>>> print(open('model_35.cif').read())   # mmCIF, C-alpha atoms and all ligand atoms; chains and numbers go by the auth columns
data_my_file
loop_
_atom_site.group_PDB
_atom_site.id
_atom_site.type_symbol
_atom_site.label_atom_id
_atom_site.label_comp_id
_atom_site.label_asym_id
_atom_site.label_seq_id
_atom_site.Cartn_x
_atom_site.Cartn_y
_atom_site.Cartn_z
_atom_site.B_iso_or_equiv
_atom_site.auth_seq_id
_atom_site.auth_asym_id
ATOM 1 C CA MET A 1 93.870 36.962 107.862 0.00 101 A
ATOM 2 C CA THR A 2 90.578 38.344 109.143 0.00 102 A
ATOM 3 C CA ARG A 3 88.828 36.650 112.023 0.00 103 A
ATOM 4 C CA PHE A 4 85.214 36.846 113.113 0.00 104 A
ATOM 5 C CA THR A 5 82.452 34.499 114.195 0.00 105 A
ATOM 6 C CA VAL A 6 79.712 33.377 111.831 0.00 106 A
ATOM 7 C CA ASN A 7 76.717 31.484 113.182 0.00 107 A
ATOM 8 C CA ASN A 8 78.666 30.628 116.347 0.00 108 A
ATOM 9 C CA GLN A 9 81.674 29.341 114.402 0.00 109 A
ATOM 10 C CA PRO A 10 84.974 31.242 114.631 0.00 110 A
ATOM 11 C CA ILE A 11 86.355 31.645 111.115 0.00 111 A
ATOM 12 C CA GLU A 12 89.642 32.917 109.716 0.00 112 A
ATOM 13 C CA TYR A 13 89.203 34.354 106.242 0.00 113 A
ATOM 14 C CA LYS A 14 92.239 34.419 103.963 0.00 114 A
ATOM 15 C CA LEU A 15 90.699 37.069 101.756 0.00 115 A
ATOM 16 C CA ASP A 16 91.546 40.628 100.833 0.00 116 A
ATOM 17 C CA PRO A 17 90.533 42.616 103.944 0.00 117 A
ATOM 18 C CA ALA A 18 88.587 44.923 101.633 0.00 118 A
ATOM 19 C CA THR A 19 86.276 42.053 100.610 0.00 119 A
ATOM 20 C CA PRO A 20 82.645 42.901 101.328 0.00 120 A
ATOM 21 C CA LEU A 21 81.158 40.709 104.049 0.00 121 A
ATOM 22 C CA LEU A 22 78.471 39.595 101.575 0.00 122 A
ATOM 23 C CA TRP A 23 81.024 37.860 99.366 0.00 123 A
ATOM 24 C CA ALA A 24 82.918 36.305 102.272 0.00 124 A
ATOM 25 C CA LEU A 25 79.647 34.765 103.436 0.00 125 A
ATOM 26 C CA ARG A 26 78.405 33.656 100.022 0.00 126 A
ATOM 27 C CA ASP A 27 81.608 32.657 98.252 0.00 127 A
ATOM 28 C CA ALA A 28 84.014 31.632 101.023 0.00 128 A
ATOM 29 C CA SER A 29 81.506 30.206 103.513 0.00 129 A
ATOM 30 C CA ASN A 30 78.847 29.032 101.035 0.00 130 A
ATOM 31 C CA LEU A 31 76.140 30.777 103.076 0.00 131 A
ATOM 32 C CA THR A 32 74.041 31.651 100.066 0.00 132 A
ATOM 33 C CA GLY A 33 70.900 32.524 102.015 0.00 133 A
ATOM 34 C CA THR A 34 72.289 36.064 102.201 0.00 134 A
ATOM 35 C CA LYS A 35 71.357 37.587 98.860 0.00 135 A
ATOM 36 C CA TYR A 36 73.002 40.010 96.464 0.00 136 A
ATOM 37 C CA GLY A 37 70.370 42.434 95.277 0.00 137 A
ATOM 38 C CA CYS A 38 71.809 45.832 94.421 0.00 138 A
ATOM 39 C CA GLY A 39 75.305 45.875 95.903 0.00 139 A
ATOM 40 C CA THR A 40 74.872 49.562 96.697 0.00 140 A
ATOM 41 C CA GLY A 41 73.196 49.520 100.102 0.00 141 A
ATOM 42 C CA HIS A 42 69.676 50.187 98.897 0.00 142 A
ATOM 43 C CA CYS A 43 67.673 46.952 98.796 0.00 143 A
ATOM 44 C CA GLY A 44 68.461 45.139 102.061 0.00 144 A
ATOM 45 C CA ALA A 45 68.581 41.667 100.487 0.00 145 A
ATOM 46 C CA CYS A 46 72.029 41.209 102.015 0.00 146 A
ATOM 47 C CA ILE A 47 71.143 42.111 105.622 0.00 147 A
ATOM 48 C CA VAL A 48 72.729 40.036 108.377 0.00 148 A
ATOM 49 C CA ASP A 49 73.034 40.529 112.128 0.00 149 A
ATOM 50 C CA VAL A 50 76.429 41.913 113.147 0.00 150 A
ATOM 51 C CA ASP A 51 76.781 42.273 116.904 0.00 151 A
ATOM 52 C CA GLY A 52 73.025 42.783 117.244 0.00 152 A
ATOM 53 C CA ALA A 53 72.629 45.329 114.449 0.00 153 A
ATOM 54 C CA ALA A 54 71.016 44.839 111.034 0.00 154 A
ATOM 55 C CA VAL A 55 73.908 45.392 108.639 0.00 155 A
ATOM 56 C CA LYS A 56 73.889 45.501 104.851 0.00 156 A
ATOM 57 C CA SER A 57 76.681 43.055 104.192 0.00 157 A
ATOM 58 C CA CYS A 58 77.415 44.454 100.720 0.00 158 A
ATOM 59 C CA MET A 59 78.457 47.734 102.320 0.00 159 A
ATOM 60 C CA VAL A 60 80.877 46.559 105.007 0.00 160 A
ATOM 61 C CA THR A 61 84.339 45.089 104.529 0.00 161 A
ATOM 62 C CA ILE A 62 85.461 42.057 106.460 0.00 162 A
ATOM 63 C CA ALA A 63 88.271 44.164 107.971 0.00 163 A
ATOM 64 C CA ALA A 64 85.657 46.464 109.498 0.00 164 A
ATOM 65 C CA ILE A 65 83.998 43.643 111.413 0.00 165 A
ATOM 66 C CA GLU A 66 87.120 41.877 112.702 0.00 166 A
ATOM 67 C CA GLY A 67 86.213 40.134 115.977 0.00 167 A
ATOM 68 C CA SER A 68 82.463 40.564 115.485 0.00 168 A
ATOM 69 C CA PHE A 69 79.659 38.039 115.805 0.00 169 A
ATOM 70 C CA VAL A 70 77.694 37.582 112.610 0.00 170 A
ATOM 71 C CA THR A 71 74.405 35.724 112.271 0.00 171 A
ATOM 72 C CA THR A 72 72.999 34.887 108.866 0.00 172 A
ATOM 73 C CA ILE A 73 69.618 33.444 107.943 0.00 173 A
ATOM 74 C CA GLU A 74 71.199 29.979 108.150 0.00 174 A
ATOM 75 C CA GLY A 75 72.158 30.591 111.788 0.00 175 A
ATOM 76 C CA LEU A 76 68.985 32.315 112.914 0.00 176 A
ATOM 77 C CA SER A 77 67.585 29.151 114.407 0.00 177 A
ATOM 78 C CA ARG A 78 69.285 25.846 114.837 0.00 178 A
ATOM 79 C CA GLU A 79 66.976 23.187 116.274 0.00 179 A
ATOM 80 C CA ARG A 80 63.621 24.604 115.237 0.00 180 A
ATOM 81 C CA ALA A 81 62.239 27.343 113.063 0.00 181 A
ATOM 82 C CA HIS A 82 62.369 30.898 114.390 0.00 182 A
ATOM 83 C CA PRO A 83 58.915 32.419 115.121 0.00 183 A
ATOM 84 C CA LEU A 84 59.519 34.793 112.208 0.00 184 A
ATOM 85 C CA GLN A 85 60.047 31.883 109.841 0.00 185 A
ATOM 86 C CA LEU A 86 56.861 30.195 111.073 0.00 186 A
ATOM 87 C CA ALA A 87 54.890 33.437 110.841 0.00 187 A
ATOM 88 C CA PHE A 88 56.157 34.196 107.336 0.00 188 A
ATOM 89 C CA ILE A 89 55.102 30.725 106.178 0.00 189 A
ATOM 90 C CA ALA A 90 51.743 30.924 107.959 0.00 190 A
ATOM 91 C CA ALA A 91 50.968 34.299 106.377 0.00 191 A
ATOM 92 C CA ASN A 92 52.253 33.241 102.936 0.00 192 A
ATOM 93 C CA VAL A 93 54.530 36.272 102.980 0.00 193 A
ATOM 94 C CA PRO A 94 57.085 35.210 100.362 0.00 194 A
ATOM 95 C CA GLN A 95 56.137 35.595 96.746 0.00 195 A
ATOM 96 C CA CYS A 96 59.333 35.177 94.717 0.00 196 A
ATOM 97 C CA GLY A 97 61.163 34.970 98.067 0.00 197 A
ATOM 98 C CA PHE A 98 64.432 36.586 97.012 0.00 198 A
ATOM 99 C CA CYS A 99 64.297 39.453 99.515 0.00 199 A
ATOM 100 C CA ILE A 100 62.909 37.407 102.410 0.00 200 A
ATOM 101 C CA PRO A 101 66.168 36.356 104.149 0.00 201 A
ATOM 102 C CA GLY A 102 67.182 40.012 104.435 0.00 202 A
ATOM 103 C CA VAL A 103 63.724 40.988 105.657 0.00 203 A
ATOM 104 C CA ILE A 104 63.700 38.241 108.265 0.00 204 A
ATOM 105 C CA MET A 105 67.157 39.177 109.528 0.00 205 A
ATOM 106 C CA ALA A 106 66.160 42.848 109.818 0.00 206 A
ATOM 107 C CA ALA A 107 62.946 41.798 111.591 0.00 207 A
ATOM 108 C CA ALA A 108 64.841 39.510 113.971 0.00 208 A
ATOM 109 C CA VAL A 109 67.066 42.417 115.000 0.00 209 A
ATOM 110 C CA LEU A 110 63.957 44.580 115.478 0.00 210 A
ATOM 111 C CA LEU A 111 62.184 41.972 117.635 0.00 211 A
ATOM 112 C CA LYS A 112 65.231 41.626 119.884 0.00 212 A
ATOM 113 C CA ARG A 113 65.045 45.364 120.523 0.00 213 A
ATOM 114 C CA ASP A 114 61.245 45.708 120.590 0.00 214 A
ATOM 115 C CA GLY A 115 59.228 42.550 121.173 0.00 215 A
ATOM 116 C CA ASN A 116 55.929 44.268 120.395 0.00 216 A
ATOM 117 C CA PRO A 117 56.542 46.642 117.494 0.00 217 A
ATOM 118 C CA GLY A 118 53.755 48.759 116.075 0.00 218 A
ATOM 119 C CA GLU A 119 53.271 49.283 112.364 0.00 219 A
ATOM 120 C CA ASP A 120 55.278 52.509 112.375 0.00 220 A
ATOM 121 C CA ALA A 121 58.218 50.868 114.158 0.00 221 A
ATOM 122 C CA ILE A 122 58.183 48.039 111.637 0.00 222 A
ATOM 123 C CA LYS A 123 58.076 50.440 108.695 0.00 223 A
ATOM 124 C CA ALA A 124 60.986 52.391 110.189 0.00 224 A
ATOM 125 C CA ALA A 125 63.080 49.270 110.774 0.00 225 A
ATOM 126 C CA ILE A 126 62.240 47.279 107.666 0.00 226 A
ATOM 127 C CA THR A 127 63.324 49.433 104.760 0.00 227 A
ATOM 128 C CA ASN A 128 64.059 46.432 102.541 0.00 228 A
ATOM 129 C CA ILE A 129 62.845 46.635 98.987 0.00 229 A
ATOM 130 C CA CYS A 130 60.471 43.890 97.840 0.00 230 A
ATOM 131 C CA ARG A 131 59.695 43.920 94.134 0.00 231 A
ATOM 132 C CA CYS A 132 56.679 41.662 94.731 0.00 232 A
ATOM 133 C CA GLY A 133 55.216 44.204 97.163 0.00 233 A
ATOM 134 C CA VAL A 134 54.435 41.881 100.078 0.00 234 A
ATOM 135 C CA TYR A 135 54.701 44.722 102.599 0.00 235 A
ATOM 136 C CA PRO A 136 51.251 44.395 104.253 0.00 236 A
ATOM 137 C CA ARG A 137 51.720 40.662 104.800 0.00 237 A
ATOM 138 C CA LEU A 138 55.167 41.044 106.254 0.00 238 A
ATOM 139 C CA ILE A 139 53.974 43.621 108.786 0.00 239 A
ATOM 140 C CA ASP A 140 51.286 41.192 109.980 0.00 240 A
ATOM 141 C CA ALA A 141 53.786 38.334 110.134 0.00 241 A
ATOM 142 C CA ILE A 142 56.342 40.318 112.138 0.00 242 A
ATOM 143 C CA GLN A 143 53.678 41.292 114.684 0.00 243 A
ATOM 144 C CA ARG A 144 52.485 37.677 114.847 0.00 244 A
ATOM 145 C CA ALA A 145 56.047 36.467 115.404 0.00 245 A
ATOM 146 C CA GLY A 146 56.342 38.979 118.240 0.00 246 A
ATOM 147 C CA ARG A 147 53.183 37.565 119.851 0.00 247 A
ATOM 148 C CA ALA A 148 54.531 34.028 119.438 0.00 248 A
ATOM 149 C CA ALA A 149 57.879 34.997 120.971 0.00 249 A
ATOM 150 C CA ARG A 150 55.999 36.474 123.933 0.00 250 A
ATOM 151 C CA GLY A 151 54.026 33.232 124.337 0.00 251 A
ATOM 152 C CA GLU A 152 50.714 34.873 123.432 0.00 252 A
ATOM 153 C CA GLU A 153 50.158 32.834 120.291 0.00 253 A
ATOM 154 C CA THR A 154 51.241 29.527 118.845 0.00 254 A
ATOM 155 C CA ILE A 155 52.085 29.304 115.172 0.00 255 A
ATOM 156 C CA PRO A 156 51.789 25.749 113.888 0.00 256 A
ATOM 157 C CA ALA A 157 54.811 24.582 111.880 0.00 257 A
ATOM 158 C CA GLY A 158 54.007 24.407 108.182 0.00 258 A
ATOM 159 C CA ALA A 159 50.698 26.266 108.603 0.00 259 A
HETATM 160 FE FE1 LIG B . 73.201 44.998 99.895 0.00 1 B
HETATM 161 FE FE2 LIG B . 71.188 45.550 98.182 0.00 1 B
HETATM 162 S S1 LIG B . 72.641 43.921 98.080 0.00 1 B
HETATM 163 S S2 LIG B . 71.643 46.510 100.097 0.00 1 B
#
>>> encode(input="model_35.cif", output="structure tokens")
Amino acid sequence: MTRFTVNNQPIEYKLDPATPLLWALRDASNLTGTKYGCGTGHCGACIVDVDGAAVKSCMVTIAAIEGSFVTTIEGLSRERAHPLQLAFIAANVPQCGFCIPGVIMAAAVLLKRDGNPGEDAIKAAITNICRCGVYPRLIDAIQRAGRAARGEETIPAGA
């Protein structure tokens, strides 16, 4: 039995302790917003927040995060959309959209650490691979979300 908290819910997983977190989330918890891209730690599609760090969930076993607090894209915001989600919609960031949950989770971790990141800080933190190449738009959206979180800008829902 491996215990940790996912999106504020304590969960006991009756899985092999060597199970990658990605598969516990997707298969056991049906949290399919976390994506399987490469399975080798390169693409970032599987990134979730583990105790405040952006973690590639394909690369960590559930045993390694016993007792941790995990947030997935489904738990990023409960009552209303997160500023990153609003900014990504407003800037039409997603193209195919497959990589976006991992990008948003990595960006959310970045914005908690640095509410006003410059382009270089974003490029250093967001190493996710996007086959559609939406990198310029996502940099703008992350900076806009930072401004919204600081109360300097309002992003209309569904803009
Ligand atoms: Fe985990 Fe690509 S699926 S880094």
>>> residues_near_ligand(input="model_35.cif", ligand="ligand LIG 1 (chain B)", cutoff="7 Å", atoms="only C-alpha atoms and all ligand atoms", output="list in words")
Lys135, Tyr136, Gly137, Cys138, Gly139, Thr140, Gly141, His142, Cys143, Gly144, Ala145, Cys146, Ile147, Lys156, Ser157, Cys158 and Met159 of chain A
>>> atom_distance(input="model_35.cif", atom1="atom CA of Arg231 of chain A", atom2="atom CA of Asn192 of chain A")
15.7 Å
>>> closest_residue(input="model_35.cif", among="A:Ala241, A:Thr132, A:Ala118, A:Ala154", to="Gln185 of chain A", atoms="all atoms listed in the file")
A:Ala241
>>> resolve_selection(input="model_35.cif", expression="the PyMOL selection byres (((chain A and resi 110-112) around 10) and not hetatm)", output="ChimeraX atom specification")
/A:101-109,113-115,129,166-170
>>> resolve_selection(input="model_35.cif", expression="the PyMOL selection byres (((chain A and resi 239) around 12) and not hetatm)", output="ChimeraX atom specification")
/A:184,187-188,191,193,203-204,207,216-227,233-238,240-246
>>> atom_distance(input="model_35.cif", atom1="atom CA of Asn130 of chain A", atom2="atom CA of Glu174 of chain A")
10.5 Å
>>> closest_residue(input="model_35.cif", among="A:Leu131, A:Leu210, A:Ala248, A:Ala153", to="Thr172 of chain A", atoms="all atoms listed in the file")
A:Leu131
>>> atom_distance(input="model_35.cif", atom1="atom CA of Thr171 of chain A", atom2="atom CA of Ala190 of chain A")
23.6 Å
>>> axis_aligned_box(input="model_35.cif", around="segment 150-158 of chain A", padding_each_side="4 Å", output="lines of an AutoDock Vina configuration file")
center_x = 74.2
center_y = 43.7
center_z = 109.0
size_x = 14.4
size_y = 11.6
size_z = 24.5
>>> closest_residue(input="model_35.cif", among="A:Gly133, A:Gly202, A:Pro183, A:Pro117", to="Pro256 of chain A", atoms="all atoms listed in the file")
A:Pro183
>>> closest_residue(input="model_35.cif", among="A:Ser177, A:Thr119, A:Thr161, A:Asn228", to="Ile200 of chain A", atoms="only C-alpha atoms")
A:Asn228
>>> closest_residue(input="model_35.cif", among="A:Cys199, A:Ala163, A:Val148, A:Ile189", to="Leu176 of chain A", atoms="all atoms listed in the file")
A:Val148
>>> decode(input="model_35.cif", residues="segment 138-173 of chain A", atoms="N, CA and C atoms", output="PDB file, in the first residue's frame")
ATOM      1  N   CYS A 138       6.628  10.496 -23.943  1.00  0.00           N
ATOM      2  CA  CYS A 138       7.809   9.698 -24.310  1.00  0.00           C
ATOM      3  C   CYS A 138       8.070   8.558 -23.328  1.00  0.00           C
ATOM      4  N   GLY A 139       7.719   8.776 -22.068  1.00  0.00           N
ATOM      5  CA  GLY A 139       7.989   7.761 -21.049  1.00  0.00           C
ATOM      6  C   GLY A 139       9.446   7.672 -20.653  1.00  0.00           C
ATOM      7  N   THR A 140      10.256   8.599 -21.132  1.00  0.00           N
ATOM      8  CA  THR A 140      11.699   8.541 -20.846  1.00  0.00           C
ATOM      9  C   THR A 140      12.227   9.848 -20.238  1.00  0.00           C
ATOM     10  N   GLY A 141      11.331  10.705 -19.790  1.00  0.00           N
ATOM     11  CA  GLY A 141      11.778  11.909 -19.099  1.00  0.00           C
ATOM     12  C   GLY A 141      12.205  13.046 -20.002  1.00  0.00           C
ATOM     13  N   HIS A 142      11.846  12.989 -21.275  1.00  0.00           N
ATOM     14  CA  HIS A 142      12.319  14.022 -22.186  1.00  0.00           C
ATOM     15  C   HIS A 142      11.275  15.076 -22.553  1.00  0.00           C
ATOM     16  N   CYS A 143      10.013  14.689 -22.670  1.00  0.00           N
ATOM     17  CA  CYS A 143       9.043  15.610 -23.298  1.00  0.00           C
ATOM     18  C   CYS A 143       8.318  16.525 -22.325  1.00  0.00           C
ATOM     19  N   GLY A 144       8.086  16.092 -21.101  1.00  0.00           N
ATOM     20  CA  GLY A 144       7.396  16.931 -20.118  1.00  0.00           C
ATOM     21  C   GLY A 144       5.874  16.860 -20.177  1.00  0.00           C
ATOM     22  N   ALA A 145       5.322  16.037 -21.056  1.00  0.00           N
ATOM     23  CA  ALA A 145       3.859  15.939 -21.145  1.00  0.00           C
ATOM     24  C   ALA A 145       3.242  15.420 -19.850  1.00  0.00           C
ATOM     25  N   CYS A 146       4.045  14.728 -19.055  1.00  0.00           N
ATOM     26  CA  CYS A 146       3.540  14.073 -17.851  1.00  0.00           C
ATOM     27  C   CYS A 146       3.796  14.877 -16.576  1.00  0.00           C
ATOM     28  N   ILE A 147       4.195  16.142 -16.707  1.00  0.00           N
ATOM     29  CA  ILE A 147       4.587  16.916 -15.519  1.00  0.00           C
ATOM     30  C   ILE A 147       3.396  17.182 -14.609  1.00  0.00           C
ATOM     31  N   VAL A 148       3.624  16.938 -13.317  1.00  0.00           N
ATOM     32  CA  VAL A 148       2.671  17.294 -12.264  1.00  0.00           C
ATOM     33  C   VAL A 148       3.461  18.001 -11.163  1.00  0.00           C
ATOM     34  N   ASP A 149       2.726  18.601 -10.245  1.00  0.00           N
ATOM     35  CA  ASP A 149       3.340  19.267  -9.091  1.00  0.00           C
ATOM     36  C   ASP A 149       3.428  18.246  -7.957  1.00  0.00           C
ATOM     37  N   VAL A 150       4.640  17.980  -7.499  1.00  0.00           N
ATOM     38  CA  VAL A 150       4.836  17.123  -6.327  1.00  0.00           C
ATOM     39  C   VAL A 150       5.543  17.948  -5.263  1.00  0.00           C
ATOM     40  N   ASP A 151       4.820  18.259  -4.214  1.00  0.00           N
ATOM     41  CA  ASP A 151       5.374  19.063  -3.115  1.00  0.00           C
ATOM     42  C   ASP A 151       6.001  20.361  -3.618  1.00  0.00           C
ATOM     43  N   GLY A 152       5.364  20.982  -4.607  1.00  0.00           N
ATOM     44  CA  GLY A 152       5.823  22.284  -5.093  1.00  0.00           C
ATOM     45  C   GLY A 152       6.895  22.224  -6.160  1.00  0.00           C
ATOM     46  N   ALA A 153       7.230  21.046  -6.634  1.00  0.00           N
ATOM     47  CA  ALA A 153       8.231  20.918  -7.698  1.00  0.00           C
ATOM     48  C   ALA A 153       7.564  20.346  -8.945  1.00  0.00           C
ATOM     49  N   ALA A 154       8.043  20.763 -10.114  1.00  0.00           N
ATOM     50  CA  ALA A 154       7.555  20.197 -11.376  1.00  0.00           C
ATOM     51  C   ALA A 154       8.257  18.867 -11.593  1.00  0.00           C
ATOM     52  N   VAL A 155       7.484  17.793 -11.570  1.00  0.00           N
ATOM     53  CA  VAL A 155       8.056  16.442 -11.614  1.00  0.00           C
ATOM     54  C   VAL A 155       7.513  15.694 -12.829  1.00  0.00           C
ATOM     55  N   LYS A 156       8.411  15.054 -13.550  1.00  0.00           N
ATOM     56  CA  LYS A 156       7.993  14.211 -14.676  1.00  0.00           C
ATOM     57  C   LYS A 156       7.489  12.892 -14.090  1.00  0.00           C
ATOM     58  N   SER A 157       6.185  12.712 -14.159  1.00  0.00           N
ATOM     59  CA  SER A 157       5.576  11.598 -13.433  1.00  0.00           C
ATOM     60  C   SER A 157       5.892  10.243 -14.048  1.00  0.00           C
ATOM     61  N   CYS A 158       6.429  10.217 -15.273  1.00  0.00           N
ATOM     62  CA  CYS A 158       6.830   8.934 -15.856  1.00  0.00           C
ATOM     63  C   CYS A 158       8.137   8.439 -15.254  1.00  0.00           C
ATOM     64  N   MET A 159       8.849   9.327 -14.573  1.00  0.00           N
ATOM     65  CA  MET A 159      10.199   9.008 -14.111  1.00  0.00           C
ATOM     66  C   MET A 159      10.287   8.748 -12.606  1.00  0.00           C
ATOM     67  N   VAL A 160       9.152   8.833 -11.907  1.00  0.00           N
ATOM     68  CA  VAL A 160       9.196   8.665 -10.460  1.00  0.00           C
ATOM     69  C   VAL A 160       8.211   7.563 -10.061  1.00  0.00           C
ATOM     70  N   THR A 161       8.668   6.684  -9.174  1.00  0.00           N
ATOM     71  CA  THR A 161       7.776   5.610  -8.721  1.00  0.00           C
ATOM     72  C   THR A 161       6.862   6.138  -7.622  1.00  0.00           C
ATOM     73  N   ILE A 162       5.744   5.445  -7.429  1.00  0.00           N
ATOM     74  CA  ILE A 162       4.857   5.884  -6.358  1.00  0.00           C
ATOM     75  C   ILE A 162       5.528   5.687  -4.998  1.00  0.00           C
ATOM     76  N   ALA A 163       6.396   4.695  -4.859  1.00  0.00           N
ATOM     77  CA  ALA A 163       7.086   4.495  -3.579  1.00  0.00           C
ATOM     78  C   ALA A 163       7.942   5.712  -3.229  1.00  0.00           C
ATOM     79  N   ALA A 164       8.495   6.353  -4.248  1.00  0.00           N
ATOM     80  CA  ALA A 164       9.400   7.480  -4.011  1.00  0.00           C
ATOM     81  C   ALA A 164       8.670   8.721  -3.532  1.00  0.00           C
ATOM     82  N   ILE A 165       7.359   8.769  -3.729  1.00  0.00           N
ATOM     83  CA  ILE A 165       6.637   9.982  -3.319  1.00  0.00           C
ATOM     84  C   ILE A 165       5.640   9.698  -2.196  1.00  0.00           C
ATOM     85  N   GLU A 166       5.842   8.587  -1.496  1.00  0.00           N
ATOM     86  CA  GLU A 166       4.994   8.251  -0.347  1.00  0.00           C
ATOM     87  C   GLU A 166       4.861   9.481   0.553  1.00  0.00           C
ATOM     88  N   GLY A 167       3.617   9.825   0.915  1.00  0.00           N
ATOM     89  CA  GLY A 167       3.383  10.943   1.833  1.00  0.00           C
ATOM     90  C   GLY A 167       3.393  12.316   1.189  1.00  0.00           C
ATOM     91  N   SER A 168       3.618  12.371  -0.118  1.00  0.00           N
ATOM     92  CA  SER A 168       3.716  13.666  -0.806  1.00  0.00           C
ATOM     93  C   SER A 168       2.337  14.217  -1.160  1.00  0.00           C
ATOM     94  N   PHE A 169       2.366  15.471  -1.601  1.00  0.00           N
ATOM     95  CA  PHE A 169       1.152  16.141  -2.088  1.00  0.00           C
ATOM     96  C   PHE A 169       1.320  16.380  -3.584  1.00  0.00           C
ATOM     97  N   VAL A 170       0.432  15.761  -4.342  1.00  0.00           N
ATOM     98  CA  VAL A 170       0.511  15.833  -5.799  1.00  0.00           C
ATOM     99  C   VAL A 170      -0.658  16.678  -6.313  1.00  0.00           C
ATOM    100  N   THR A 171      -0.356  17.565  -7.241  1.00  0.00           N
ATOM    101  CA  THR A 171      -1.425  18.301  -7.932  1.00  0.00           C
ATOM    102  C   THR A 171      -1.293  18.031  -9.419  1.00  0.00           C
ATOM    103  N   THR A 172      -2.408  17.641 -10.016  1.00  0.00           N
ATOM    104  CA  THR A 172      -2.444  17.423 -11.462  1.00  0.00           C
ATOM    105  C   THR A 172      -3.207  18.572 -12.118  1.00  0.00           C
ATOM    106  N   ILE A 173      -3.273  18.555 -13.429  1.00  0.00           N
ATOM    107  CA  ILE A 173      -3.994  19.613 -14.138  1.00  0.00           C
ATOM    108  C   ILE A 173      -5.462  19.666 -13.677  1.00  0.00           C
TER     109      ILE A 173
END
